[in-house]
Each structure stands twice: as C-alpha cells, then as structure tokens.
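Undergrad: Before anything else, here's the structure in question.
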Number of protein chains: 2
Amino acid sequence: MSAHPRLSLNQATIKYASLADALQTTAAAGIGSIGLWREPVADVGLDQAVRLVADSGLRVSSLCRGGFFTPLPGAARDAALDDNRRAIEETAALADAGAPGSRAVLVLVAGGLPDGSRDLIGARERVRDAVGALEADAASAGVTLAIEPLHPMYAADRAVISTLGQALDIAEQFTSTAQYGPTVGVEVDTFHIWWDPQVLEQIARAGRTGRIASYQVCDWVTPLPADVLLGRGMMGDGHIDFGPMTNAVARAGYTGDVEVEIFNQQIWDAPFDEVAARVVASFAEHVALR
Amino acid sequence: MSAHPRLSLNQATIKYASLADALQTTAAAGIGSIGLWREPVADVGLDQAVRLVADSGLRVSSLCRGGFFTPLPGAARDAALDDNRRAIEETAALADAGAPGSRAVLVLVAGGLPDGSRDLIGARERVRDAVGALEADAASAGVTLAIEPLHPMYAADRAVISTLGQALDIAEQFTSTAQYGPTVGVEVDTFHIWWDPQVLEQIARAGRTGRIASYQVCDWVTPLPADVLLGRGMMGDGHIDFGPMTNAVARAGYTGDVEVEIFNQQIWDAPFDEVAARVVASFAEHVALR
C-alpha cells in the first residue's frame with residue numbers, strides 16, 4: 001500500500017528509534033514526512049540532525065515540543081523561556097533542512113499546575129504571557145508556535161490548556177505572522193479534543209483566522225491503561241470518528257502534512273517497520289483525508 | 001468538629017456500608033443529610049429503605065443514579081427508560097421519607113457509546129430524547145432530573161455528556177417544573193468540571209435559569225489510579241480550588257445540601273466512621289461553603 005502523500009509519521013510513534021532509524025523507517029515505508037522530537041535530535045546534536053534530515057529527502061512537519069511554562073516568575077520560568085528559544089532555533093534549522101513543503105512548527109504543551117498550587121486561572125494566564133514573550137523570537141525565525149490543548153485529564157499535571165477554544169482565545173491575541181500565517185497558531189490533535197461538543201465549530205473558527213498550525217491523529221482506546229499518558233491507539237482501534245474532524249480541518253483550509261502520533265507501549269515494543277506499515281494502512285482506512 | 005449544616009455524605013463515599021450502616025454512620029458523624037444509591041436501597045427493598053430513612057431523621061439530598069440511555073432504539077433503550085421510571089419513583093419515595101429539606105433529585109449519567117459505535121453526536125441526541133421521554137414522569141412525581149456531565153475521559157465508555165454547558169443545552173430545552181424549579185436540571189460535580197475554562201460562567205448560566213439541581217464535591221488527585229473511575233480524592237488531597245466554584249454555585253442561588261461523593265479504594269477500605277470524620281473536617285477546611 002502506498003502512503004497518503006500528506007501523511008507524516010511523528011517520531012514518538014516509534015519512540016525507541018534513533019533519529020537516523022526513524023528517518024530510515026519513515027522513508028522505507030514510503031512516507032514523505034516526519035514529525036521530529038527534540039530528545040532524539042539532541043542525542044546526535046543539532047548539526048548532525050540537520051545533515052540526517054537533509055540526506056533523508058523527507059519533509060519535516062513539526063518539532064515536539066516546547067512549552068511547560070507555567071512556573072511562577074523566577075528562575076524556573078526564565079529557564080523554560082530560554083529553552084523554548086532554543087527550541088525555536090532548532091525548529092527553524094530542521095525545517096530548513098527538510099524537503100520542500102517542510103513546516104517550521106513548534107508544538108507547545110502548556111505545562112501543569114506548579115507543585116502545591118491550585119491556581120488554574122493564574123497558570124493559564126502565565127501560558128498566555130509566555131507565548132507573548134516568545135512571539136517575536138518565533139516571528140523573526142519564521143517559526144509558527146502551535147499551542148496544543150491537551151485532554152482535560154492532564155489539566156493538573158501536564159497542560160492547563162484543555163480545549164481548542166481556549167487555545168484559540170490565546171492564539172488570537174497575537175497578530176504577527178510567520179511562514180504559514182499567524183506566528184501563534186494551534187495544534188489540532190484528535191486524541192485530545194474528540195470529546196468536545198464544540199470541536200467542529202472551534203476547528204472552523206481556527207480556520208477563519210488561519211490558526212491551524214498542525215493536525216495530528218490517533219485514536220482513543222478503552223480501557224485507559226494504568227499510565228494515562230500511553231492511552232493512545234492506532235486509528236481504527238478506538239472510538240474516534242475521524243471523518244468529521246478531518247473534513248472540518250480541510251474546510252478550514254489546512255493543507256499541510258497530517259501527523260500520526262501515538263504513545264502506546266505495545267506499539268513502541270513492535271518493530272519499527274511494522275508500525276510504519278500499520279500507520280500507512282490505518283491512516284488510509286480511517287482518517288478520511290482526501 | 002461539628003458538621004456543616006448543609007453537608008451531605010454521598011453513600012458511595014462509604015461504598016461497602018449497607019443502607020442501615022450508611023445512615024447510622026452519617027447520623028453519628030453529626031451530618032444531617034445523605035445522598036443515596038439505588039443498589040444498597042435495592043438490597044433491602046424500597047419499603048424497608050423508606051422506613052430506615054424515616055427512622056434516621058436524616059435529609060435525603062439525591063438518589064444516584066439513572067441514565068445510561070444511549071442505546072439505539074430497541075429493547076435495550078426501552079429497558080433503560082423503564083428502569084429510569086422506577087428510579088424516579090424511588091427518588092420520590094425516599095425524599096418523602098427523609099427529613100424536611102430533603103430533595104427529590106435523580107442524578108442521570110448519560111451512558112457511553114454503544115458497542116462498536118463511533119457516533120458521538122448521535123449518542124448525545126439520544127440522551128436528549130431520553131430525557132424528553134422521562135420529563136412528564138418526573139414532573140408528575142415531583143422529581144428533578146439532574147443531568148450530570150462527566151469528565152471527558154469517560155466520554156467513550158460512560159457518559160457522552162462532558163461539559164456543564166452541554167448539560168445545560170439539553171436541560172434548557174425542557175420547560176416543566178418540579179419541586180425545586182425546572183424538572184430537568186444539572187448536577188455540578190467539581191471532579192468532572194473543575195478543568196473547564198467555562199466552568200464559572202456556565203454555573204452562572206445554570207443559576208439564571210434555576211437549573212442547578214445538586215452540587216457534589218471531591219478532589220482531583222494525581223497520578224490517576226489504574227482504574228480512572230476511582231481517581232477521586234478527599235477535598236484537600238488534590239488540585240482543585242473549591243472556593244471559586246462554591247461561590248459561583250452560591251451566587252447562582254443554590255441553597256440545597258452539598259454532597260461529598262468520593263470513589264477511592266483507600267477511602268473505601270477505611271472504617272466508615274473515620275471516613276465520615278474526615279469528610280466533616282475536609283469539607284469545613286476546603287469547600288468554602290458559608
């Protein structure tokens with residue numbers, strides 16, 4: 001089966017692969033694009049990563065991830081902002097190295113409540129402030145920041161941004177532009193937002209202001225595993241009806257690559273090439289991308 | 001420590017207690033009200049349950065639970081509706097037996113996707129239709145139906161109603177009245193909705209139309225346990241700031257009892273009287289009810 005031309009394999013789906021192996025697996029499966037993660041890039045160093053990406057002939061669809069900027073003002077927050085500035089530079093360099101059609105998109109996970117804090121509203125305000133502190137750096141690097149709403153079950157300990165509407169409320173406060181429209185956009189990830197009664201109207205809203213920076217897919221499986229971070233499933237193995245969201249994203253004008261990003265221990269334990277082949281087939285069967 | 005006069009102990013917090021033991025534990029802790037569950041009522045039969053409640057001198061704050069009416073039209077859906085009609089009768093009888101100030105409120109959990117179905121929108125429409133099919137029965141029994149939004153992590157397998165706004169969108173379609181205002185109201189449960197960026201404005205909306213039928217509290221603890229149904233914590237053990245929600249519920253005009261409902265294996269394994277004493281103390285310290 002040949003891969004959909006807009007399919008991208010997010011590297012986290014084959015978590016235990018080195019960058020070189022992930023690039024090789026992706027290309028060998030006939031997939032034209034890859035979503036990268038900072039840790040395997042750091043394992044070889046940015047310069048070597050850039051060479052590997054350039055040699056692969058693949059597009060780069062995004063870099064995961066920045067964010068985690070909910071600490072109160074002080075050293076931890078300053079360190080988080082500095083780290084995000086490095087991530088912006090990495091995003092630009094890796095997208096430059098990728099094949100034409102690569103996207104300089106940095107995915108941002110907000111971060112959870114600081115230890116001992118119950119001030120959810122304050123943490124959310126600090127996310128907005130941090131994005132504001134990074135906007136100029138991103139714009140000058142030509143990088144789009146994609147605020148990712150995470151499922152509400154992660155609101156306390158991982159991401160205080162829980163809905164697409166909330167991510168858009170932040171993104172729409174920023175007016176500068178990068179390569180694909182606004183510098184600050186949103187990540188649309190089916191796993192995190194499929195349950196939201198407003199999901200289709202919020203995708204349409206994101207389209208009206210050009211804020212969809214990236215579209216990621218995977219399924220919601222039950223029962224959730226003991227570690228709820230690993231509760232994602234291959235498309236078709238769970239409860240999500242992808243068609244309506246995929247159609248809404250298309251109608252919203254998003255024409256970039258579509259990433260398959262799955263955190264799942266059984267999938268991580270499988271041979272990389274088998275996983276890539278399943279991704280190609282499941283994407284074709286379930287994601288309904290024309 | 002004396003219990004808050006509006007505190008109610010939901011029976012699920014001491015799950016392994018019989019109805020008689022739950023009533024005795026509640027009264028002995030100085031708590032004036034109890035939230036009942038159908039299973040322990042059924043264990044002794046409704047007539048005996050009514051006698052036990054009347055003899056206890058306690059108020060009844062609600063009955064858990066009806067709902068689970070997402071099956072497609074057919075025998076399973078008919079059976080679910082019949083079961084809900086029995087639950088309405090039980091609610092009326094138990095509230096009648098309770099002390100003055102008892103509330104004839106039946107809590108409704110929507111139900112998840114039918115096996116093999118990915119039609120979330122259709123399932124949500126069937127919830128609305130089922131509430132419509134029960135409204136007249138509830139109104140004639142003087143029972144308020146409380147649609148409970150459950151946390152989005154249960155959207156696939158337990159409750160397709162995931163936000164307070166969505167519950168209100170359904171409730172507001174129904175215009176008949178019962179003892180406390182509209183026949184169809186909503187359950188406000190901190191565990192399920194604390195993460196929602198719209199929670200305070202939706203509580204205010206519920207107040208404007210008199211739709212708050214019940215207020216339940218417990219905390220959100222991390223990490224979530226292997227069985228996410230049991231992830232609820234004693235107030236103060238988790239991440240929820242109760243004050244803003246309690247204040248919003250008060251400003252919305254709700255004056256009924258406030259239930260503590262905790263599903264947590266460690267709490268279930270503790271002696272009933274110790275749990276009741278912790279509930280009294282944690283409620284006073286954290287829930288911020290004046």
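Within each chain, counting starts at residue 1; across the structure tokens, chains are named A, B, ... in the order shown, with ligands numbered 1 upward in that order.
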Quick one: DSSP strand (DSSP E or B) residues in range 87-141 of chain A, as a list of chain:residue names?
TA: A:Val105, A:Leu106, A:Val107, A:Leu108, A:Val109, A:Gly111
Undergrad: I need the chosen residues saved as a tab-separated table (two decimals), in the first residue's frame, with all heavy atoms.
TA:
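Generated file (again29.tsv):
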```
chain	number	residue	atom	x	y	z
A	105	VAL	N	7.15	24.40	12.50
A	105	VAL	CA	6.11	24.48	13.52
A	105	VAL	C	6.65	23.88	14.82
A	105	VAL	O	7.09	22.73	14.83
A	105	VAL	CB	4.84	23.72	13.08
A	105	VAL	CG1	3.84	23.60	14.23
A	105	VAL	CG2	4.20	24.39	11.88
A	106	LEU	N	6.60	24.65	15.88
A	106	LEU	CA	6.99	24.15	17.20
A	106	LEU	C	5.73	23.93	18.03
A	106	LEU	O	4.96	24.86	18.27
A	106	LEU	CB	7.90	25.17	17.91
A	106	LEU	CG	8.31	24.81	19.34
A	106	LEU	CD1	9.12	23.52	19.40
A	106	LEU	CD2	9.08	25.97	19.99
A	107	VAL	N	5.54	22.69	18.45
A	107	VAL	CA	4.36	22.34	19.24
A	107	VAL	C	4.61	22.69	20.71
A	107	VAL	O	5.65	22.34	21.27
A	107	VAL	CB	4.04	20.83	19.10
A	107	VAL	CG1	2.83	20.45	19.96
A	107	VAL	CG2	3.81	20.48	17.64
A	108	LEU	N	3.65	23.39	21.30
A	108	LEU	CA	3.78	23.85	22.68
A	108	LEU	C	2.79	23.14	23.61
A	108	LEU	O	1.58	23.24	23.41
A	108	LEU	CB	3.51	25.35	22.78
A	108	LEU	CG	4.38	26.29	21.95
A	108	LEU	CD1	3.97	27.74	22.23
A	108	LEU	CD2	5.85	26.09	22.29
A	109	VAL	N	3.33	22.45	24.61
A	109	VAL	CA	2.49	21.86	25.66
A	109	VAL	C	2.58	22.78	26.87
A	109	VAL	O	3.68	23.08	27.35
A	109	VAL	CB	2.97	20.44	25.99
A	109	VAL	CG1	2.25	19.90	27.23
A	109	VAL	CG2	2.74	19.52	24.80
A	111	GLY	N	2.08	22.90	30.12
A	111	GLY	CA	2.57	22.64	31.47
A	111	GLY	C	1.41	22.62	32.44
A	111	GLY	O	0.34	23.16	32.17
```
Undergrad: Against chain A, which residues of chain B fall within 7 Å? For each one I want the closest pair of atoms and the distance in Å (one decimal), counting only C-alpha atoms, rows by chain and increasing residue number, as CSV.
TA:
```
residue,atom,partner,partner_atom,distance
B:Arg118,CA,A:His239,CA,5.3
B:Asp119,CA,A:Asp241,CA,7.0
B:Pro152,CA,A:Trp195,CA,6.3
B:Met153,CA,A:Met153,CA,6.3
B:Ala155,CA,A:Trp195,CA,6.2
B:Ala156,CA,A:His239,CA,6.5
B:Trp195,CA,A:Ala155,CA,6.2
B:Pro225,CA,A:Ala226,CA,6.7
B:Ala226,CA,A:Ala226,CA,4.0
B:His239,CA,A:Arg118,CA,5.3
B:Ile240,CA,A:Arg118,CA,5.9
B:Asp241,CA,A:Arg118,CA,5.4
```
Undergrad: Using the selection just defined, write its residues with C-alpha atoms as a PDB file, in the first residue's frame.
TA:
```
ATOM      1  CA  ARG B 118     -18.325   5.921  16.949  1.00  0.00           C
ATOM      2  CA  ASP B 119     -21.350   8.187  16.528  1.00  0.00           C
ATOM      3  CA  PRO B 152     -14.249  13.944  29.206  1.00  0.00           C
ATOM      4  CA  MET B 153     -12.043  10.939  29.982  1.00  0.00           C
ATOM      5  CA  ALA B 155     -16.830  10.182  27.048  1.00  0.00           C
ATOM      6  CA  ALA B 156     -16.392   6.897  25.175  1.00  0.00           C
ATOM      7  CA  TRP B 195     -10.756  21.905  34.457  1.00  0.00           C
ATOM      8  CA  PRO B 225      -5.045   5.312  39.558  1.00  0.00           C
ATOM      9  CA  ALA B 226      -5.062   2.355  37.174  1.00  0.00           C
ATOM     10  CA  HIS B 239      -5.533  20.067  42.830  1.00  0.00           C
ATOM     11  CA  ILE B 240      -8.986  21.625  42.948  1.00  0.00           C
ATOM     12  CA  ASP B 241      -9.533  25.118  44.265  1.00  0.00           C
TER      13      ASP B 241
END
```
Undergrad: With a distance cut-off of 10 Å and only C-alpha atoms, select the neighbouring residues of Arg251 in chain A, excluding the residue or stretch itself and same-chain residues fewer than 2 positions from it, and output the selection as a list in words.
TA: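 Within the cut-off, the hits are Ile203, Ala204, Gly207, Arg208, Met245, Thr246, Asn247, Ala248, Val249, Gly253, Tyr254 and Thr255 of chain A.
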Undergrad: How would the residues just chosen look if you wrote them out with C-alpha atoms as a short mmCIF file (atom, residue, chain, number, x, y, z; two decimals), in the first residue's frame?
TA:
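Listing of out-v6.cif after writing:
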```
data_model
loop_
_atom_site.label_atom_id
_atom_site.label_comp_id
_atom_site.auth_asym_id
_atom_site.auth_seq_id
_atom_site.Cartn_x
_atom_site.Cartn_y
_atom_site.Cartn_z
CA ILE A 203 -11.94 23.99 14.12
CA ALA A 204 -13.98 26.21 11.80
CA GLY A 207 -9.75 28.18 10.02
CA ARG A 208 -11.34 31.61 9.76
CA MET A 245 -12.74 16.36 12.21
CA THR A 246 -10.65 15.69 9.12
CA ASN A 247 -13.31 17.28 6.96
CA ALA A 248 -13.54 20.28 9.26
CA VAL A 249 -9.76 20.73 9.18
CA GLY A 253 -8.07 25.49 4.80
CA TYR A 254 -5.30 23.40 6.32
CA THR A 255 -3.21 21.84 3.56
#
```
Undergrad: So which bits of range 43-261 of chain B end up alpha helix (DSSP H) when you DSSP the backbone, as a ChimeraX atom specification?
TA: /B:43-44,46-56,75-97,120-141,164-171,190-193,199-208,242-251
Undergrad: As an exercise, work out the distance from CA of Ala136 in chain B to CA of Asn84 in chain B in Å and give it to one decimal place.
TA: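 Separation of CA of Ala136 in chain B and CA of Asn84 in chain B: 12.3 Å.
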Undergrad: When you count only C-alpha atoms, which of these residues is closest to Gln11 in chain A: A:Leu229, A:Val143, A:Cys64, A:Val199?
TA: A:Cys64
Undergrad: Smallest atom-to-atom distance to Leu46 in chain A: which of A:Thr26, A:Glu90, A:Ala3, A:Ala76, using only C-alpha atoms?
TA: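 Result for the nearest residue to Leu46 in chain A: A:Glu90.
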Undergrad: With distances taken over only C-alpha atoms, which residue among A:Lys15, A:Arg128, A:Arg232, A:Arg6 lies nearest Ala270 in chain A?
TA: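 Among the listed residues, the smallest separation from Ala270 in chain A belongs to A:Lys15.
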Undergrad: Give me the residues within 12 Å of Asp96 in chain B as JSON, numbers by chain, counting only C-alpha atoms and dropping any in the same chain fewer than 6 places off.
TA: {"B": [49, 50, 51, 53, 54, 57, 58, 59, 60, 61, 62, 89, 90, 102, 103, 104, 105, 141, 142, 143, 179]}
Undergrad: Can I get the selected residues back with N, CA and C atoms, as a PDB file, in the first residue's frame?
TA:
```
ATOM      1  N   ALA B  49     -36.215   0.428  52.896  1.00  0.00           N
ATOM      2  CA  ALA B  49     -35.332   1.591  52.772  1.00  0.00           C
ATOM      3  C   ALA B  49     -36.046   2.866  53.219  1.00  0.00           C
ATOM      4  N   VAL B  50     -37.295   2.970  52.831  1.00  0.00           N
ATOM      5  CA  VAL B  50     -38.095   4.144  53.233  1.00  0.00           C
ATOM      6  C   VAL B  50     -38.206   4.201  54.760  1.00  0.00           C
ATOM      7  N   ARG B  51     -38.452   3.051  55.372  1.00  0.00           N
ATOM      8  CA  ARG B  51     -38.555   3.033  56.845  1.00  0.00           C
ATOM      9  C   ARG B  51     -37.235   3.418  57.500  1.00  0.00           C
ATOM     10  N   VAL B  53     -34.812   5.226  56.265  1.00  0.00           N
ATOM     11  CA  VAL B  53     -34.546   6.657  56.061  1.00  0.00           C
ATOM     12  C   VAL B  53     -35.398   7.489  57.020  1.00  0.00           C
ATOM     13  N   ALA B  54     -36.672   7.129  57.116  1.00  0.00           N
ATOM     14  CA  ALA B  54     -37.560   7.899  58.004  1.00  0.00           C
ATOM     15  C   ALA B  54     -37.079   7.822  59.452  1.00  0.00           C
ATOM     16  N   GLY B  57     -33.931  10.147  60.633  1.00  0.00           N
ATOM     17  CA  GLY B  57     -34.018  11.587  60.861  1.00  0.00           C
ATOM     18  C   GLY B  57     -33.171  12.410  59.913  1.00  0.00           C
ATOM     19  N   LEU B  58     -32.540  11.755  58.957  1.00  0.00           N
ATOM     20  CA  LEU B  58     -31.664  12.471  58.010  1.00  0.00           C
ATOM     21  C   LEU B  58     -32.469  13.021  56.833  1.00  0.00           C
ATOM     22  N   ARG B  59     -31.936  14.086  56.227  1.00  0.00           N
ATOM     23  CA  ARG B  59     -32.441  14.508  54.924  1.00  0.00           C
ATOM     24  C   ARG B  59     -31.853  13.604  53.832  1.00  0.00           C
ATOM     25  N   VAL B  60     -32.573  13.487  52.745  1.00  0.00           N
ATOM     26  CA  VAL B  60     -32.058  12.813  51.543  1.00  0.00           C
ATOM     27  C   VAL B  60     -31.758  13.901  50.514  1.00  0.00           C
ATOM     28  N   SER B  61     -30.515  13.928  50.025  1.00  0.00           N
ATOM     29  CA  SER B  61     -30.141  15.011  49.107  1.00  0.00           C
ATOM     30  C   SER B  61     -30.250  14.634  47.637  1.00  0.00           C
ATOM     31  N   SER B  62     -30.185  13.335  47.335  1.00  0.00           N
ATOM     32  CA  SER B  62     -30.356  12.895  45.937  1.00  0.00           C
ATOM     33  C   SER B  62     -30.366  11.375  45.914  1.00  0.00           C
ATOM     34  N   GLU B  89     -39.597   6.879  40.688  1.00  0.00           N
ATOM     35  CA  GLU B  89     -40.489   6.537  41.807  1.00  0.00           C
ATOM     36  C   GLU B  89     -39.706   6.358  43.104  1.00  0.00           C
ATOM     37  N   GLU B  90     -38.556   5.695  43.004  1.00  0.00           N
ATOM     38  CA  GLU B  90     -37.735   5.501  44.207  1.00  0.00           C
ATOM     39  C   GLU B  90     -37.275   6.853  44.769  1.00  0.00           C
ATOM     40  N   SER B 102     -35.331  17.552  52.476  1.00  0.00           N
ATOM     41  CA  SER B 102     -34.912  16.510  51.521  1.00  0.00           C
ATOM     42  C   SER B 102     -35.225  16.966  50.104  1.00  0.00           C
ATOM     43  N   ARG B 103     -34.447  16.461  49.159  1.00  0.00           N
ATOM     44  CA  ARG B 103     -34.593  16.872  47.767  1.00  0.00           C
ATOM     45  C   ARG B 103     -34.835  15.643  46.893  1.00  0.00           C
ATOM     46  N   ALA B 104     -35.908  15.673  46.149  1.00  0.00           N
ATOM     47  CA  ALA B 104     -36.224  14.572  45.237  1.00  0.00           C
ATOM     48  C   ALA B 104     -35.487  14.795  43.922  1.00  0.00           C
ATOM     49  N   VAL B 105     -34.193  14.463  43.929  1.00  0.00           N
ATOM     50  CA  VAL B 105     -33.324  14.683  42.768  1.00  0.00           C
ATOM     51  C   VAL B 105     -32.753  13.346  42.320  1.00  0.00           C
ATOM     52  N   ALA B 141     -44.141  13.091  39.361  1.00  0.00           N
ATOM     53  CA  ALA B 141     -43.665  12.562  40.642  1.00  0.00           C
ATOM     54  C   ALA B 141     -43.015  13.638  41.503  1.00  0.00           C
ATOM     55  N   GLY B 142     -42.905  14.849  40.970  1.00  0.00           N
ATOM     56  CA  GLY B 142     -42.245  15.918  41.720  1.00  0.00           C
ATOM     57  C   GLY B 142     -40.739  15.724  41.830  1.00  0.00           C
ATOM     58  N   VAL B 143     -40.175  15.008  40.868  1.00  0.00           N
ATOM     59  CA  VAL B 143     -38.750  14.686  40.905  1.00  0.00           C
ATOM     60  C   VAL B 143     -37.983  15.555  39.910  1.00  0.00           C
ATOM     61  N   GLN B 179     -40.371  20.268  42.119  1.00  0.00           N
ATOM     62  CA  GLN B 179     -40.387  20.904  43.438  1.00  0.00           C
ATOM     63  C   GLN B 179     -39.411  22.081  43.560  1.00  0.00           C
TER      64      GLN B 179
END
```
Undergrad: Might you pull out every residue within 12 Å of Ala133 in chain A, with only C-alpha atoms counted and same-chain residues fewer than 2 positions away left off, and present them as a tab-separated table (two decimals) with N, CA and C atoms, in the first residue's frame?
TA:
```
chain	number	residue	atom	x	y	z
A	67	GLY	N	7.16	24.63	25.40
A	67	GLY	CA	6.11	24.86	26.36
A	67	GLY	C	6.58	24.66	27.78
A	69	PHE	N	5.62	26.17	30.45
A	69	PHE	CA	5.99	27.46	31.01
A	69	PHE	C	4.95	28.01	31.98
A	77	ARG	N	10.93	29.74	35.46
A	77	ARG	CA	10.25	30.28	34.29
A	77	ARG	C	11.26	30.83	33.29
A	78	ASP	N	12.27	31.54	33.76
A	78	ASP	CA	13.29	32.06	32.85
A	78	ASP	C	13.97	30.92	32.08
A	80	ALA	N	12.68	28.03	31.42
A	80	ALA	CA	11.73	27.48	30.46
A	80	ALA	C	11.67	28.35	29.20
A	81	LEU	N	11.66	29.65	29.38
A	81	LEU	CA	11.62	30.54	28.20
A	81	LEU	C	12.91	30.39	27.37
A	82	ASP	N	14.04	30.33	28.05
A	82	ASP	CA	15.30	30.14	27.31
A	82	ASP	C	15.28	28.83	26.52
A	84	ASN	N	12.71	27.30	25.39
A	84	ASN	CA	11.80	27.48	24.25
A	84	ASN	C	12.47	28.27	23.12
A	85	ARG	N	13.32	29.22	23.48
A	85	ARG	CA	14.03	29.97	22.43
A	85	ARG	C	14.99	29.05	21.66
A	126	ARG	N	-0.33	32.70	32.80
A	126	ARG	CA	1.11	32.65	32.57
A	126	ARG	C	1.45	31.98	31.23
A	127	VAL	N	0.59	31.07	30.78
A	127	VAL	CA	0.80	30.49	29.44
A	127	VAL	C	0.69	31.58	28.38
A	128	ARG	N	-0.35	32.36	28.48
A	128	ARG	CA	-0.52	33.46	27.52
A	128	ARG	C	0.68	34.41	27.58
A	129	ASP	N	1.12	34.75	28.79
A	129	ASP	CA	2.25	35.67	28.93
A	129	ASP	C	3.52	35.07	28.33
A	130	ALA	N	3.73	33.78	28.50
A	130	ALA	CA	4.93	33.14	27.97
A	130	ALA	C	4.90	33.12	26.44
A	131	VAL	N	3.75	32.84	25.90
A	131	VAL	CA	3.63	32.87	24.43
A	131	VAL	C	3.96	34.29	23.94
A	135	GLU	N	6.82	35.35	21.12
A	135	GLU	CA	6.27	35.63	19.79
A	135	GLU	C	7.30	36.25	18.86
A	136	ALA	N	8.02	37.27	19.36
A	136	ALA	CA	8.96	37.97	18.48
A	136	ALA	C	10.09	37.05	18.03
A	137	ASP	N	10.58	36.22	18.95
A	137	ASP	CA	11.63	35.26	18.58
A	137	ASP	C	11.14	34.32	17.49
A	138	ALA	N	9.93	33.84	17.66
A	138	ALA	CA	9.37	32.91	16.67
A	138	ALA	C	9.18	33.61	15.33
A	139	ALA	N	8.64	34.82	15.37
A	139	ALA	CA	8.38	35.53	14.12
A	139	ALA	C	9.69	35.79	13.36
A	145	LEU	N	4.31	28.94	16.27
A	145	LEU	CA	4.10	28.29	17.57
A	145	LEU	C	2.70	27.68	17.57
A	174	PHE	N	-2.46	37.36	19.39
A	174	PHE	CA	-1.17	37.69	18.78
A	174	PHE	C	-1.33	37.89	17.28
A	184	VAL	N	1.39	32.63	15.93
A	184	VAL	CA	0.84	31.80	17.00
A	184	VAL	C	-0.43	31.11	16.51
```
Undergrad: Please, what distance in Å, to one decimal, runs between CA of Glu274 in chain B and CA of Ser214 in chain B?
TA: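 Those two atoms sit 25.2 Å apart.
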Undergrad: Do you know which residues are at most 10 Å from Val41 in chain A counting only C-alpha atoms, after dropping those on the same chain fewer than 6 positions away, and could you put them as a list in words?
TA: Ser18, Leu19, Ala20, Asp47, Gln48, Ala49, Val50, Leu52, Leu63, Glu90 and Leu94 of chain A
Undergrad: Just the selected residues (N, CA, C and O atoms), exported as a short mmCIF file (atom, residue, chain, number, x, y, z; two decimals), in the first residue's frame, please.
TA:
```cif
data_model
loop_
_atom_site.label_atom_id
_atom_site.label_comp_id
_atom_site.auth_asym_id
_atom_site.auth_seq_id
_atom_site.Cartn_x
_atom_site.Cartn_y
_atom_site.Cartn_z
N SER A 18 16.31 5.71 17.02
CA SER A 18 17.18 6.88 16.93
C SER A 18 16.67 7.77 15.80
O SER A 18 15.83 7.35 14.99
N LEU A 19 17.18 8.99 15.74
CA LEU A 19 16.77 9.86 14.64
C LEU A 19 17.07 9.20 13.29
O LEU A 19 16.22 9.20 12.38
N ALA A 20 18.26 8.64 13.15
CA ALA A 20 18.63 8.02 11.87
C ALA A 20 17.68 6.87 11.53
O ALA A 20 17.21 6.74 10.38
N ASP A 47 23.54 19.86 14.57
CA ASP A 47 24.20 19.90 13.26
C ASP A 47 24.08 18.55 12.54
O ASP A 47 23.77 18.50 11.34
N GLN A 48 24.34 17.50 13.27
CA GLN A 48 24.22 16.17 12.67
C GLN A 48 22.77 15.86 12.32
O GLN A 48 22.48 15.26 11.27
N ALA A 49 21.84 16.31 13.17
CA ALA A 49 20.42 16.08 12.88
C ALA A 49 20.03 16.77 11.58
O ALA A 49 19.30 16.20 10.76
N VAL A 50 20.51 17.98 11.41
CA VAL A 50 20.22 18.73 10.17
C VAL A 50 20.74 17.96 8.95
O VAL A 50 20.05 17.84 7.93
N LEU A 52 21.29 14.70 8.73
CA LEU A 52 20.50 13.47 8.55
C LEU A 52 19.16 13.78 7.89
O LEU A 52 18.71 13.06 6.99
N LEU A 63 8.19 20.16 15.10
CA LEU A 63 9.10 19.72 16.15
C LEU A 63 8.31 19.71 17.46
O LEU A 63 7.65 20.69 17.82
N GLU A 90 15.95 25.43 16.81
CA GLU A 90 16.01 24.06 16.29
C GLU A 90 14.92 23.82 15.24
O GLU A 90 15.15 23.17 14.21
N LEU A 94 15.76 22.65 11.44
CA LEU A 94 15.33 21.34 10.95
C LEU A 94 14.35 21.48 9.79
O LEU A 94 14.41 20.70 8.83
#
```
Undergrad: Near Ala22 in chain A, counting only C-alpha atoms, which residues have an atom at most 9 Å away, once you skip same-chain residues fewer than 6 positions from it, shown as a count of residues only?
TA: 7
